[in-house]
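Raw contents of work-v7.cif, mmCIF, C-alpha atoms:
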data_final
#
loop_
_atom_site.label_atom_id
_atom_site.label_comp_id
_atom_site.auth_asym_id
_atom_site.auth_seq_id
_atom_site.Cartn_x
_atom_site.Cartn_y
_atom_site.Cartn_z
CA MET G 1 19.64 69.45 140.77
CA GLY G 2 21.29 72.41 138.97
CA ALA G 3 24.22 74.06 140.64
CA SER G 4 23.67 77.33 142.50
CA LEU G 5 25.75 80.41 141.72
CA GLU G 6 27.76 79.73 144.90
CA GLU G 7 28.56 76.18 143.77
CA LYS G 8 29.56 77.40 140.32
CA GLY G 9 31.82 79.92 142.05
CA VAL G 10 33.52 77.08 143.95
CA TRP G 11 34.10 75.20 140.68
CA LEU G 12 35.63 78.35 139.18
CA GLN G 13 37.91 78.88 142.17
CA LEU G 14 39.01 75.24 142.01
CA VAL G 15 39.77 75.37 138.28
CA ALA G 16 41.57 78.73 138.57
CA THR G 17 43.60 77.57 141.59
CA VAL G 18 44.61 74.25 140.04
CA LEU G 19 45.47 75.79 136.66
CA GLY G 20 47.16 78.92 138.05
CA LEU G 21 49.13 77.59 140.97
CA GLY G 22 49.59 74.21 139.27
CA ALA G 23 51.36 75.98 136.37
CA TYR G 24 53.33 78.07 138.88
CA PHE G 25 54.61 74.97 140.66
CA VAL G 26 55.61 73.32 137.37
CA VAL G 27 57.67 76.37 136.33
CA ALA G 28 59.00 77.00 139.85
CA GLY G 29 59.93 73.31 140.11
CA LEU G 30 61.97 73.58 136.91
CA MET G 31 63.65 76.74 138.23
CA LEU G 32 64.44 75.07 141.56
CA SER G 33 65.89 72.03 139.83
CA ALA G 34 67.99 74.37 137.67
CA GLY G 35 69.47 75.78 140.88
CA VAL G 36 67.67 79.15 141.08
CA THR G 37 67.72 79.80 144.83
CA ALA G 38 67.21 83.59 144.95
CA LEU G 39 63.64 84.21 146.13
CA PRO G 40 63.18 87.51 144.19
CA ALA G 41 63.57 85.53 140.93
CA TYR G 42 60.20 83.90 141.62
CA VAL G 43 58.31 87.14 142.33
CA PRO G 44 57.45 88.05 138.68
CA LEU G 45 56.21 84.49 138.06
CA PHE G 46 54.08 84.64 141.19
CA ILE G 47 52.60 88.04 140.25
CA VAL G 48 51.70 86.80 136.75
CA THR G 49 50.11 83.69 138.29
CA VAL G 50 47.98 85.71 140.73
CA VAL G 51 46.86 88.18 138.02
CA MET G 52 45.90 85.30 135.68
CA MET G 53 44.00 83.51 138.44
CA VAL G 54 42.07 86.65 139.37
CA ALA G 55 41.29 87.40 135.69
CA LEU G 56 40.09 83.82 135.14
CA MET G 57 37.91 83.88 138.25
CA VAL G 58 36.39 87.29 137.47
CA ALA G 59 35.64 86.37 133.84
CA GLY G 60 34.20 83.01 134.85
CA PHE G 61 32.10 84.51 137.62
CA VAL G 62 30.67 87.17 135.28
CA VAL G 63 29.64 84.45 132.79
CA ALA G 64 28.18 82.31 135.60
CA ALA G 65 26.28 85.28 137.05
CA ILE G 66 24.78 86.11 133.64
CA ALA G 67 23.75 82.48 133.09
CA SER G 68 22.32 81.97 136.60
CA ARG G 69 19.71 83.52 138.80
CA PRO G 70 21.49 86.05 141.04
CA GLU G 71 21.27 85.01 144.69
CA GLY G 72 23.37 85.59 147.78
CA ARG G 73 24.90 83.05 150.14
CA ASP G 74 22.39 81.36 152.37
CA GLU G 75 22.84 79.40 155.60
CA ARG G 76 23.63 76.14 153.75
CA ASP G 77 26.39 77.82 151.73
CA ARG G 78 27.87 79.24 154.94
CA LEU G 79 27.73 75.89 156.76
CA ILE G 80 29.37 74.12 153.81
CA GLY G 81 32.10 76.78 153.73
CA TRP G 82 32.79 76.50 157.47
CA ARG G 83 32.81 72.71 157.45
CA ALA G 84 35.11 72.49 154.41
CA GLU G 85 37.52 75.02 155.94
CA ASN G 86 37.45 73.16 159.25
CA ASN G 87 38.35 69.89 157.52
CA SER G 88 41.04 71.30 155.23
CA SER G 89 42.97 73.76 157.40
CA TRP G 90 45.10 70.97 158.89
CA VAL G 91 47.03 70.82 155.57
CA LEU G 92 48.15 74.42 156.01
CA ALA G 93 49.04 73.72 159.65
CA VAL G 94 51.22 70.77 158.61
CA GLY G 95 52.95 72.99 156.01
CA VAL G 96 53.60 75.75 158.56
CA PHE G 97 54.97 73.23 161.05
CA ALA G 98 57.21 71.71 158.35
CA ALA G 99 58.41 75.20 157.35
CA ILE G 100 59.30 76.05 160.97
CA THR G 101 61.15 72.74 161.23
CA GLY G 102 62.96 73.59 158.00
CA MET G 103 64.01 76.96 159.44
CA LEU G 104 65.49 75.18 162.48
CA PHE G 105 67.71 73.26 160.08
CA SER G 106 68.63 76.48 158.17
CA ILE G 107 67.09 75.32 154.90
CA ASN G 108 67.21 77.95 152.13
CA ASN G 109 64.38 80.51 152.24
CA VAL G 110 63.28 79.63 148.72
CA TRP G 111 62.35 76.12 149.86
CA ILE G 112 60.61 77.43 152.99
CA ALA G 113 58.58 79.92 150.92
CA HIS G 114 57.55 77.24 148.43
CA LEU G 115 56.68 74.79 151.17
CA LEU G 116 54.35 77.40 152.69
CA LEU G 117 52.86 78.22 149.28
CA LEU G 118 52.40 74.53 148.48
CA SER G 119 50.61 73.86 151.78
CA MET G 120 48.37 76.89 151.16
CA PHE G 121 47.62 75.60 147.65
CA LEU G 122 46.84 72.04 148.82
CA SER G 123 44.72 73.31 151.73
CA GLU G 124 42.74 75.52 149.34
CA VAL G 125 42.23 72.74 146.79
CA LEU G 126 41.14 70.29 149.50
CA GLY G 127 38.73 72.90 150.91
CA GLN G 128 37.15 73.49 147.50
CA VAL G 129 36.87 69.77 146.73
CA LEU G 130 35.22 69.21 150.14
CA ARG G 131 32.77 72.04 149.46
CA LEU G 132 31.77 70.42 146.16
CA VAL G 133 31.38 67.05 147.91
CA TYR G 134 29.18 68.62 150.61
CA TYR G 135 27.06 70.38 147.97
CA ARG G 136 26.43 67.08 146.20
CA ARG G 137 26.26 64.59 149.09
CA GLY G 138 24.75 66.87 151.72
CA VAL G 139 25.87 68.23 155.08
CA MET B 140 26.17 54.97 175.97
CA VAL B 141 25.92 55.76 172.27
CA PRO B 142 23.31 58.49 171.62
CA ALA B 143 20.49 57.60 169.25
CA LYS B 144 20.94 58.85 165.69
CA VAL B 145 18.54 61.60 164.77
CA VAL B 146 16.92 61.53 161.35
CA ILE B 147 14.84 64.54 160.33
CA ARG B 148 12.09 63.92 157.81
CA ASN B 149 9.86 66.53 156.26
CA GLN B 150 6.60 66.91 154.35
CA ILE B 151 7.64 69.92 152.28
CA ARG B 152 7.13 68.27 148.90
CA ALA B 153 3.57 67.17 149.79
CA LEU B 154 2.77 70.55 151.33
CA ARG B 155 4.01 72.37 148.24
CA PHE B 156 1.66 70.38 146.03
CA GLU B 157 -1.21 70.91 148.45
CA SER B 158 -0.50 74.65 148.21
CA GLY B 159 -1.34 74.98 144.53
CA GLU B 160 1.78 73.23 143.26
CA MET B 161 4.08 75.84 144.73
CA THR B 162 7.52 75.58 143.09
CA GLN B 163 10.77 75.14 145.00
CA GLN B 164 11.80 78.57 143.74
CA ASP B 165 8.61 80.18 145.12
CA LEU B 166 9.22 78.60 148.51
CA ALA B 167 12.91 79.53 148.41
CA ASP B 168 12.05 83.18 147.70
CA ARG B 169 9.58 83.26 150.58
CA ILE B 170 11.95 81.78 153.17
CA GLY B 171 15.10 83.56 151.97
CA VAL B 172 17.28 80.67 150.76
CA SER B 173 18.31 79.38 147.33
CA ARG B 174 16.23 76.88 145.35
CA GLN B 175 19.08 74.37 145.73
CA THR B 176 18.79 74.66 149.51
CA VAL B 177 15.05 73.93 149.38
CA ASN B 178 15.86 70.94 147.17
CA ALA B 179 18.51 69.74 149.67
CA ILE B 180 16.07 70.13 152.59
CA GLU B 181 13.34 68.21 150.74
CA GLY B 182 15.77 65.44 149.87
CA GLY B 183 17.01 65.13 153.46
CA LYS B 184 20.53 66.27 152.50
CA TYR B 185 20.41 69.34 154.71
CA SER B 186 18.73 70.03 158.03
CA PRO B 187 17.72 73.70 158.14
CA SER B 188 18.22 76.06 161.06
CA LEU B 189 15.30 76.58 163.43
CA GLU B 190 14.75 79.99 161.85
CA VAL B 191 14.33 78.57 158.35
CA ALA B 192 12.26 75.64 159.66
CA PHE B 193 9.82 78.06 161.35
CA ARG B 194 9.65 80.16 158.18
CA VAL B 195 8.74 77.05 156.15
CA ALA B 196 6.02 76.15 158.65
CA GLN B 197 4.73 79.72 158.53
CA VAL B 198 4.51 79.67 154.71
CA PHE B 199 2.29 76.56 154.85
CA ASP B 200 0.44 77.83 157.93
CA LYS B 201 1.19 74.58 159.79
CA PRO B 202 2.78 73.83 163.15
CA LEU B 203 6.48 72.97 162.95
CA GLU B 204 5.92 69.29 163.77
CA ALA B 205 3.50 68.96 160.84
CA VAL B 206 6.33 69.94 158.50
CA PHE B 207 9.36 68.36 160.19
CA GLN B 208 9.46 65.06 162.07
CA CYS B 209 12.33 63.84 164.17
CA LEU B 210 13.00 60.08 164.18
CA MET B 211 15.41 58.50 166.67
CA THR B 212 17.20 55.40 165.46
CA GLU B 213 19.59 53.11 167.36
#
Final structure tokens representation of the file:
Amino acid sequence: MGASLEEKGVWLQLVATVLGLGAYFVVAGLMLSAGVTALPAYVPLFIVTVVMMVALMVAGFVVAAIASRPEGRDERDRLIGWRAENNSSWVLAVGVFAAITGMLFSINNVWIAHLLLLSMFLSEVLGQVLRLVYYRRGV
Amino acid sequence: MVPAKVVIRNQIRALRFESGEMTQQDLADRIGVSRQTVNAIEGGKYSPSLEVAFRVAQVFDKPLEAVFQCLMTE
């Protein structure tokens, strides 16, 4: 069974998220280990990451839309999206809880911010992987 | 008490061929879903909403239970 435009879009989001934020965390990890603890120092890196991710997703989606039959989301796409989000949002919740706990112990803001970003990243990746699993194995 | 597991079977593939070898894409266009969704319904990987199930039955001019069958297993 060929992939629908929606499924191709999920693949694109997954690749862009893993490449973009994966690269961000590698560079940010090096900066953190070098002792850069001022949060504004990470802002340019984050902006570049987001712009590159958006550019990659837009370019990929244009190519996918040209190569596929244009069709909107149907009820199966929506159900898959809801179910994947329902089963992946706990990762973000754990990250938020850990960040709040970190704040109680006065941990530096740069670590709190990256913990939140990491949990968002992992939650997003898990959600996209689950979507792809549901597309292939059924819901 | 553990409720019986519900398995929904369908006759869409047979009905498509009885209807002049209608393609999955033709059926998908008529019921307003993607071809991949029709494929998933046919293969038992997705149980459609009542709305889509009725639309499928309407396309083949059959009662709902002639298109979809519900089997209860222990």
What residues come out when you apply the PyMOL selection byres ((chain G) within 6 of (chain B)) to this file, written as a PyMOL selection string? chain G and resi 74+138-139
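The space between CA of Phe207 in chain B and CA of Tyr134 in chain G spans 22.0 Å.
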Picked residues, the PyMOL selection byres ((chain B and resi 208) around 8), as a list in words: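 Output of the PyMOL selection byres ((chain B and resi 208) around 8): Ile147, Arg148, Asn149, Glu204, Ala205, Val206, Phe207, Cys209 and Leu210 of chain B.
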Please list as a list of chain:residue names every residue within 12 Å of Gly102 in chain G, counting all atoms listed in the file and excluding residues in the same chain fewer than 5 positions away.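 The residues satisfying every condition are G:Gly95, G:Val96, G:Phe97, G:Ile107, G:Asn108, G:Asn109, G:Val110, G:Trp111, G:Ile112, G:Ala113, G:His114, G:Leu115, G:Leu116.
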Go ahead and write the selection's residues with C-alpha atoms as an mmCIF file, in the coordinates of the input.
data_model
loop_
_atom_site.group_PDB
_atom_site.id
_atom_site.type_symbol
_atom_site.label_atom_id
_atom_site.label_comp_id
_atom_site.auth_asym_id
_atom_site.auth_seq_id
_atom_site.Cartn_x
_atom_site.Cartn_y
_atom_site.Cartn_z
ATOM 1 C CA GLY G 95 52.950 72.990 156.010
ATOM 2 C CA VAL G 96 53.600 75.750 158.560
ATOM 3 C CA PHE G 97 54.970 73.230 161.050
ATOM 4 C CA ILE G 107 67.090 75.320 154.900
ATOM 5 C CA ASN G 108 67.210 77.950 152.130
ATOM 6 C CA ASN G 109 64.380 80.510 152.240
ATOM 7 C CA VAL G 110 63.280 79.630 148.720
ATOM 8 C CA TRP G 111 62.350 76.120 149.860
ATOM 9 C CA ILE G 112 60.610 77.430 152.990
ATOM 10 C CA ALA G 113 58.580 79.920 150.920
ATOM 11 C CA HIS G 114 57.550 77.240 148.430
ATOM 12 C CA LEU G 115 56.680 74.790 151.170
ATOM 13 C CA LEU G 116 54.350 77.400 152.690
#
Residue contacts of Ile47 in chain G (12 Å, all atoms listed in the file) excluding same-chain residues fewer than 5 positions away, as a list of chain:residue names: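 Contacts, with the query itself left out: G:Gly20, G:Leu21, G:Tyr24, G:Pro40, G:Ala41, G:Tyr42, G:Met52, G:Met53, G:Val54.
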Given the PyMOL selection byres ((chain B and resi 145) around 6), the residues it picks as a PyMOL selection string: chain B and resi 144+146+210-211
Please compute the CA of Val62 in chain G-CA of Leu19 in chain G distance, one decimal, in Å.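 Taking CA of Val62 in chain G as the start and CA of Leu19 in chain G as the end point, the length is 18.7 Å.
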Could you check how far CA of Gly9 in chain G sits from CA of Arg83 in chain G, in Å to one decimal? 17.0 Å
Using all atoms listed in the file, which of the listed residues (G:Asn86, G:Ser68, G:Ser119, G:Ser106) sits closest to Lys8 in chain G?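 Selected residue with least distance to Lys8 in chain G: G:Ser68.
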Enumerate, as number ranges by chain, the protein, DNA and RNA residues whose atoms approach (32.9, 81.8, 132.9) to within 12 Å, taking into account all atoms listed in the file and the coordinate frame of the file. G: 5, 8-9, 11-13, 15-16, 55-68
Just checking: using only C-alpha atoms, which residue out of B:Glu181, B:Thr212, B:Pro202, B:Leu189 ends up closest to Ala153 in chain B?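 Result for the nearest residue to Ala153 in chain B: B:Glu181.
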Using all atoms of range 173-182 of chain B listed in the file and a margin of 5 Å per side, can you give the axis-aligned box centre and edge lengths in Å to one decimal, as AutoDock Vina command-line options?
--center_x 16.2 --center_y 72.4 --center_z 149.0 --size_x 15.7 --size_y 23.9 --size_z 17.2
Which residue gives the smallest distance to Arg78 in chain G among G:Arg131, G:Ala38, G:Gly22, G:Leu30, with only C-alpha atoms counted? G:Arg131
